[in-house]
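Here is the file run.txt (compact mmCIF, C-alpha atoms).
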```txt
# COMPACT_ATOMS: atom_id res chain seq x y z
CA MET A 1 38.63 2.61 15.76
CA GLN A 2 39.98 2.55 19.29
CA ILE A 3 38.46 -0.46 20.98
CA LEU A 4 39.13 0.27 24.67
CA PRO A 5 37.58 3.78 24.78
CA ILE A 6 34.47 2.50 23.00
CA ILE A 7 34.10 -0.42 25.43
CA LEU A 8 34.58 1.89 28.43
CA ALA A 9 32.07 4.40 27.09
CA ALA A 10 29.57 1.59 26.43
CA VAL A 11 30.03 -0.07 29.84
CA ALA A 12 30.25 3.02 32.07
CA PRO A 13 26.54 4.03 32.00
CA GLY A 14 25.31 0.62 33.08
CA LEU A 15 27.85 0.24 35.89
CA SER A 16 27.21 3.80 37.10
CA LEU A 17 23.46 3.27 37.29
CA LEU A 18 23.93 -0.10 38.99
CA ALA A 19 26.15 1.52 41.63
CA TYR A 20 23.57 4.27 42.12
CA PHE A 21 20.70 1.88 42.82
CA TYR A 22 22.88 -0.50 44.81
CA LEU A 23 23.91 2.31 47.18
CA LYS A 24 20.29 3.44 47.56
CA ASP A 25 19.69 0.43 49.81
CA ARG A 26 19.49 2.16 53.19
CA TYR A 27 19.52 -0.76 55.58
CA GLU A 28 21.44 -3.78 54.31
CA THR A 29 23.30 -3.82 51.01
CA GLU A 30 23.15 -7.07 49.06
CA PRO A 31 26.14 -9.44 48.68
CA ILE A 32 28.15 -7.88 45.86
CA HIS A 33 28.98 -11.29 44.35
CA LEU A 34 25.26 -12.03 43.98
CA VAL A 35 24.57 -8.65 42.37
CA ILE A 36 27.44 -9.23 39.93
CA ARG A 37 26.11 -12.72 39.16
CA MET A 38 22.71 -11.25 38.26
CA PHE A 39 24.41 -8.60 36.14
CA VAL A 40 26.22 -11.37 34.25
CA PHE A 41 22.97 -13.30 33.78
CA GLY A 42 21.48 -10.17 32.24
CA PHE A 43 24.55 -9.83 30.03
CA LEU A 44 24.11 -13.41 28.81
CA LEU A 45 20.40 -12.96 28.13
CA VAL A 46 21.12 -10.82 25.08
CA TYR A 47 21.95 -13.77 22.82
CA PRO A 48 18.88 -15.95 23.52
CA THR A 49 16.78 -12.79 23.25
CA MET A 50 18.20 -12.05 19.80
CA ALA A 51 17.60 -15.66 18.73
CA LEU A 52 13.96 -15.56 19.87
CA GLN A 53 13.40 -12.18 18.24
CA ASN A 54 14.78 -13.40 14.92
CA ALA A 55 12.66 -16.55 15.10
CA PHE A 56 9.47 -14.58 15.76
CA ILE A 57 10.31 -12.05 13.03
CA LYS A 58 10.35 -14.91 10.52
CA GLU A 59 7.00 -16.15 11.80
CA ILE A 60 4.99 -12.96 12.41
CA GLY A 61 6.92 -10.11 10.78
CA GLU A 62 8.01 -6.73 12.12
CA GLY A 63 5.08 -4.33 12.41
CA THR A 64 5.67 -1.23 14.54
CA PHE A 65 3.34 -2.31 17.36
CA ILE A 66 4.58 -5.92 17.31
CA THR A 67 8.21 -4.81 17.32
CA ALA A 68 7.74 -2.41 20.22
CA PHE A 69 5.43 -4.33 22.53
CA PHE A 70 6.23 -7.96 21.70
CA LEU A 71 9.60 -8.43 20.01
CA SER A 72 11.34 -5.84 22.18
CA GLY A 73 9.34 -5.09 25.32
CA GLY A 74 7.62 -8.46 25.63
CA ILE A 75 10.49 -10.87 25.00
CA GLU A 76 13.19 -8.84 26.75
CA GLU A 77 11.22 -8.11 29.91
CA PHE A 78 9.81 -11.64 30.14
CA LEU A 79 13.28 -13.21 29.99
CA LYS A 80 14.60 -10.83 32.64
CA TRP A 81 11.59 -11.55 34.84
CA PHE A 82 12.00 -15.31 34.31
CA VAL A 83 15.64 -15.22 35.44
CA ILE A 84 14.94 -13.07 38.50
CA TYR A 85 11.93 -15.09 39.60
CA HIS A 86 13.62 -18.49 39.28
CA ILE A 87 17.03 -17.54 40.67
CA ILE A 88 16.47 -14.76 43.20
CA PHE A 89 12.83 -14.56 44.29
CA LYS A 90 13.12 -17.36 46.87
CA HIS A 91 16.78 -16.75 47.70
CA LYS A 92 17.60 -16.22 51.37
CA ASP A 93 19.35 -12.93 50.63
CA PHE A 94 16.14 -11.48 49.18
CA ASP A 95 15.10 -10.43 52.68
CA GLU A 96 13.62 -6.94 52.23
CA PRO A 97 11.48 -5.30 49.53
CA TYR A 98 14.26 -3.11 48.13
CA ASP A 99 16.32 -6.21 47.27
CA GLY A 100 13.95 -6.90 44.39
CA ILE A 101 14.92 -3.55 42.89
CA VAL A 102 18.65 -4.22 43.26
CA TYR A 103 18.54 -7.62 41.57
CA ALA A 104 16.10 -6.60 38.82
CA VAL A 105 18.20 -3.53 38.02
CA ALA A 106 21.35 -5.70 37.96
CA VAL A 107 19.81 -8.07 35.38
CA SER A 108 18.39 -5.19 33.34
CA LEU A 109 21.66 -3.27 33.26
CA GLY A 110 23.66 -6.38 32.42
CA PHE A 111 21.38 -6.78 29.42
CA ALA A 112 21.60 -3.08 28.51
CA THR A 113 25.39 -3.06 28.83
CA LEU A 114 26.01 -5.82 26.29
CA GLU A 115 23.36 -4.31 24.04
CA ASN A 116 25.22 -1.00 24.28
CA ILE A 117 28.57 -2.62 23.46
CA ILE A 118 27.09 -4.34 20.40
CA TYR A 119 25.51 -1.06 19.28
CA ALA A 120 28.81 0.79 19.72
CA PHE A 121 30.78 -1.63 17.56
CA LEU A 122 28.16 -2.10 14.87
CA ASN A 123 27.70 1.63 14.44
CA ALA A 124 31.31 2.73 15.13
CA THR A 125 29.57 5.38 17.12
CA SER A 126 30.80 8.62 18.67
CA PHE A 127 31.09 9.37 22.37
CA SER A 128 28.15 11.79 22.16
CA ALA A 129 25.95 9.08 20.60
CA LEU A 130 26.83 6.70 23.45
CA MET A 131 25.89 9.39 25.97
CA ILE A 132 22.49 9.73 24.32
CA ARG A 133 22.07 5.96 24.65
CA ALA A 134 23.09 6.26 28.32
CA LEU A 135 20.33 8.81 28.87
CA LEU A 136 17.72 6.80 26.98
CA PRO A 137 17.94 3.01 26.35
CA VAL A 138 20.38 2.19 29.16
CA SER A 139 18.60 4.31 31.77
CA GLY A 140 15.31 3.03 30.37
CA HIS A 141 16.34 -0.56 31.12
CA ALA A 142 17.24 0.53 34.66
CA LEU A 143 13.84 2.17 35.17
CA PHE A 144 12.00 -0.88 33.84
CA GLY A 145 14.10 -2.97 36.23
CA VAL A 146 13.02 -0.79 39.18
CA MET A 147 9.36 -1.33 38.26
CA MET A 148 9.88 -5.08 38.02
CA GLY A 149 11.87 -5.34 41.23
CA TYR A 150 9.52 -3.12 43.22
CA TYR A 151 6.52 -5.33 42.53
CA LEU A 152 8.52 -8.53 42.97
CA GLY A 153 9.39 -7.19 46.42
CA LYS A 154 5.71 -6.56 47.13
CA ALA A 155 4.85 -10.05 45.86
CA LYS A 156 7.35 -11.64 48.24
CA PHE A 157 6.48 -9.64 51.35
CA ILE A 158 2.70 -9.36 50.84
CA PRO A 159 2.06 -13.05 50.18
CA HIS A 160 -1.76 -12.85 50.15
CA LYS A 161 -1.45 -10.55 47.09
CA ALA A 162 1.55 -12.33 45.57
CA SER A 163 -0.20 -13.45 42.37
CA ARG A 164 -1.43 -9.93 41.60
CA TYR A 165 1.95 -8.31 42.19
CA LEU A 166 3.79 -10.98 40.20
CA TRP A 167 1.64 -10.18 37.18
CA ILE A 168 2.21 -6.45 37.65
CA SER A 169 5.96 -7.03 37.96
CA LEU A 170 5.91 -8.59 34.50
CA LEU A 171 3.26 -6.61 32.62
CA LEU A 172 4.13 -3.08 33.78
CA PRO A 173 7.75 -3.19 32.50
CA ILE A 174 6.52 -4.75 29.24
CA PHE A 175 4.05 -1.90 28.76
CA TRP A 176 6.54 0.90 29.47
CA HIS A 177 9.34 -0.75 27.49
CA GLY A 178 6.93 -1.21 24.58
CA LEU A 179 5.75 2.41 24.80
CA PHE A 180 9.36 3.62 24.95
CA ASP A 181 10.25 1.75 21.75
CA TYR A 182 6.95 2.68 20.08
CA ILE A 183 7.71 6.39 20.55
CA LEU A 184 11.15 5.97 18.99
CA LEU A 185 9.74 4.01 16.04
CA VAL A 186 6.78 6.26 15.27
CA PHE A 187 8.14 9.74 16.01
CA LYS A 188 11.40 9.39 14.10
CA SER A 189 12.31 13.09 13.86
CA ASN A 190 10.70 14.76 16.89
CA TRP A 191 10.66 11.90 19.41
CA ILE A 192 12.75 13.93 21.87
CA TRP A 193 9.80 16.23 22.70
CA ILE A 194 7.71 13.25 23.73
CA MET A 195 10.50 11.28 25.37
CA ILE A 196 11.61 14.06 27.73
CA PRO A 197 8.32 14.20 29.69
CA VAL A 198 7.98 10.40 29.57
CA MET A 199 11.46 9.89 31.02
CA GLY A 200 10.89 12.65 33.56
CA TYR A 201 7.72 10.92 34.76
CA LEU A 202 9.45 7.52 34.91
CA TRP A 203 12.34 8.93 36.94
CA MET A 204 9.95 10.58 39.41
CA ARG A 205 8.05 7.32 39.84
CA THR A 206 11.34 5.46 40.19
CA ILE A 207 12.53 7.68 43.05
CA TRP A 208 9.13 7.23 44.71
CA ARG A 209 9.38 3.44 44.38
CA VAL A 210 12.93 3.43 45.77
CA ASP A 211 11.81 5.43 48.82
CA ARG A 212 8.70 3.30 49.33
CA ALA A 213 10.63 0.03 49.10
CA ASN A 214 13.17 1.26 51.65
CA ALA A 215 10.41 2.54 53.93
CA HIS A 216 8.84 -0.94 54.06
CA SER A 217 12.06 -2.75 54.93
CA PRO A 218 11.65 -5.07 57.95
CA LEU A 219 15.13 -3.94 58.97
CA ARG A 220 13.93 -0.34 59.33
CA VAL A 221 12.17 -1.07 62.64
CA VAL A 222 15.31 -2.63 64.07
CA THR A 223 17.40 0.34 63.01
CA THR A 224 14.93 2.80 64.57
CA GLU A 225 14.85 0.94 67.86
CA GLU A 226 18.63 0.87 67.98
CA LYS A 227 18.76 4.64 67.44
CA ILE A 228 16.32 5.15 70.34
CA LYS A 229 18.44 2.97 72.61
CA VAL A 230 21.58 4.84 71.70
CA SER A 231 19.94 8.22 72.38
```

Whole structure, structure tokens version:
Amino acid sequence: MQILPIILAAVAPGLSLLAYFYLKDRYETEPIHLVIRMFVFGFLLVYPTMALQNAFIKEIGEGTFITAFFLSGGIEEFLKWFVIYHIIFKHKDFDEPYDGIVYAVAVSLGFATLENIIYAFLNATSFSALMIRALLPVSGHALFGVMMGYYLGKAKFIPHKASRYLWISLLLPIFWHGLFDYILLVFKSNWIWIMIPVMGYLWMRTIWRVDRANAHSPLRVVTTEEKIKVS
């Protein structure tokens, strides 16, 4: 087994998606060192997540619904949300709604990247199998991160509705992550026919959220005024 090609194949999807969403920030890109730090935090979350999952499995078992919506979706998304809220939400560099998306995606893809590396080594998997994971679990983590970050951005910049949006930023990713895993667990042979429309819908909503978050940037007004002055 060639270690370097497997590591590169496992890491590439996460870094590519992170670059994509990072560059979607139209008005002021975030400090790269802070984005990398959040990516590393997501990377490190894998081990406490696995420990919690194993502890709960011993206590409550592994039913399909419990595995999808609690052990996987619930624990993973809660820990990501916890890190983002306590480290980034009140940070001075979180100064426009789209920033929530960047940081949430960074944490989510850090998590997905280590998960992908572990999967690659445990399964001695092929390049094609890693590409399937890039299209599904890794991109899924990115899309759940966009949901989380979008509503964290709304919570920060619409303070009179902060409580509502904070709950949505946690519960919506848990629901979609749980549904994603539930489909894979239940429809073992023909899951692809269900997953394609689900992923298509999630990507369309993701692009909409990216555009909406950028459109509500407080820096957008400044940029528009500057363009008028120049013309």

Point-to-point distance in Å for CA of His177 (chain A) and CA of Gly73 (chain A):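 Separation between CA of Gly73 (chain A) and CA of His177 (chain A): 4.9 Å.
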
Polymer residues at most 12 Å from Trp167 (chain A), all atoms listed in the file, same-chain spacing of 3 or more positions, as JSON, numbers by chain: {"A": [78, 81, 82, 85, 147, 148, 151, 152, 154, 155, 161, 162, 163, 164, 170, 171, 172, 173, 174]}

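The shortest atom-to-atom distance to Phe187 (chain A), with all atoms listed in the file taken into account, belongs to A:Thr64 out of A:Gly110, A:Pro5, A:Phe175, A:Thr64.
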
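For the residues A:Lys156, A:His216, A:Lys188, A:Arg205, ranking by smallest atom-to-atom distance to His91 (chain A) using all atoms listed in the file places A:Lys156 first.
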
List the neighbours of region 30-37 of chain A out to 10 Å using all atoms listed in the file; skip same-chain residues closer than 6 positions along the sequence, and give me the result as a VMD selection string. chain A and resid 18 22 to 23 43 88 93 to 95 98 to 99 102 to 107 110

Separation of CA of Pro197 (chain A) and CA of Gly42 (chain A), in Å?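 Between CA of Pro197 (chain A) and CA of Gly42 (chain A) the gap is 27.8 Å.
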
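Separating CA of Ala10 (chain A) from CA of Lys80 (chain A) is a distance of 20.4 Å.
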
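Of the listed residues A:Ala19, A:Ala215, A:Met195, A:Leu79, the one whose atoms come nearest to Pro48 (chain A) is A:Leu79, with distances taken using all atoms listed in the file.
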
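Using only C-alpha atoms for every distance, the candidate list A:Phe65, A:Phe111, A:Trp193, A:Phe121 yields A:Phe111 as the residue closest to Tyr47 (chain A).
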
Which residue, A:Ser189, A:Trp203, A:Ile87, A:Glu96, has the smallest gap to Phe41 (chain A) when you use only C-alpha atoms?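 When distances to Phe41 (chain A) are compared using only C-alpha atoms, the smallest one comes from A:Ile87.
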
Please determine, counting all atoms listed in the file, which residue among A:Leu136, A:Tyr27, A:Leu4, A:Phe21 has the shortest atom-to-atom distance to Trp191 (chain A).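 Going through A:Leu136, A:Tyr27, A:Leu4, A:Phe21 one by one, the smallest distance to Trp191 (chain A) is for A:Leu136.
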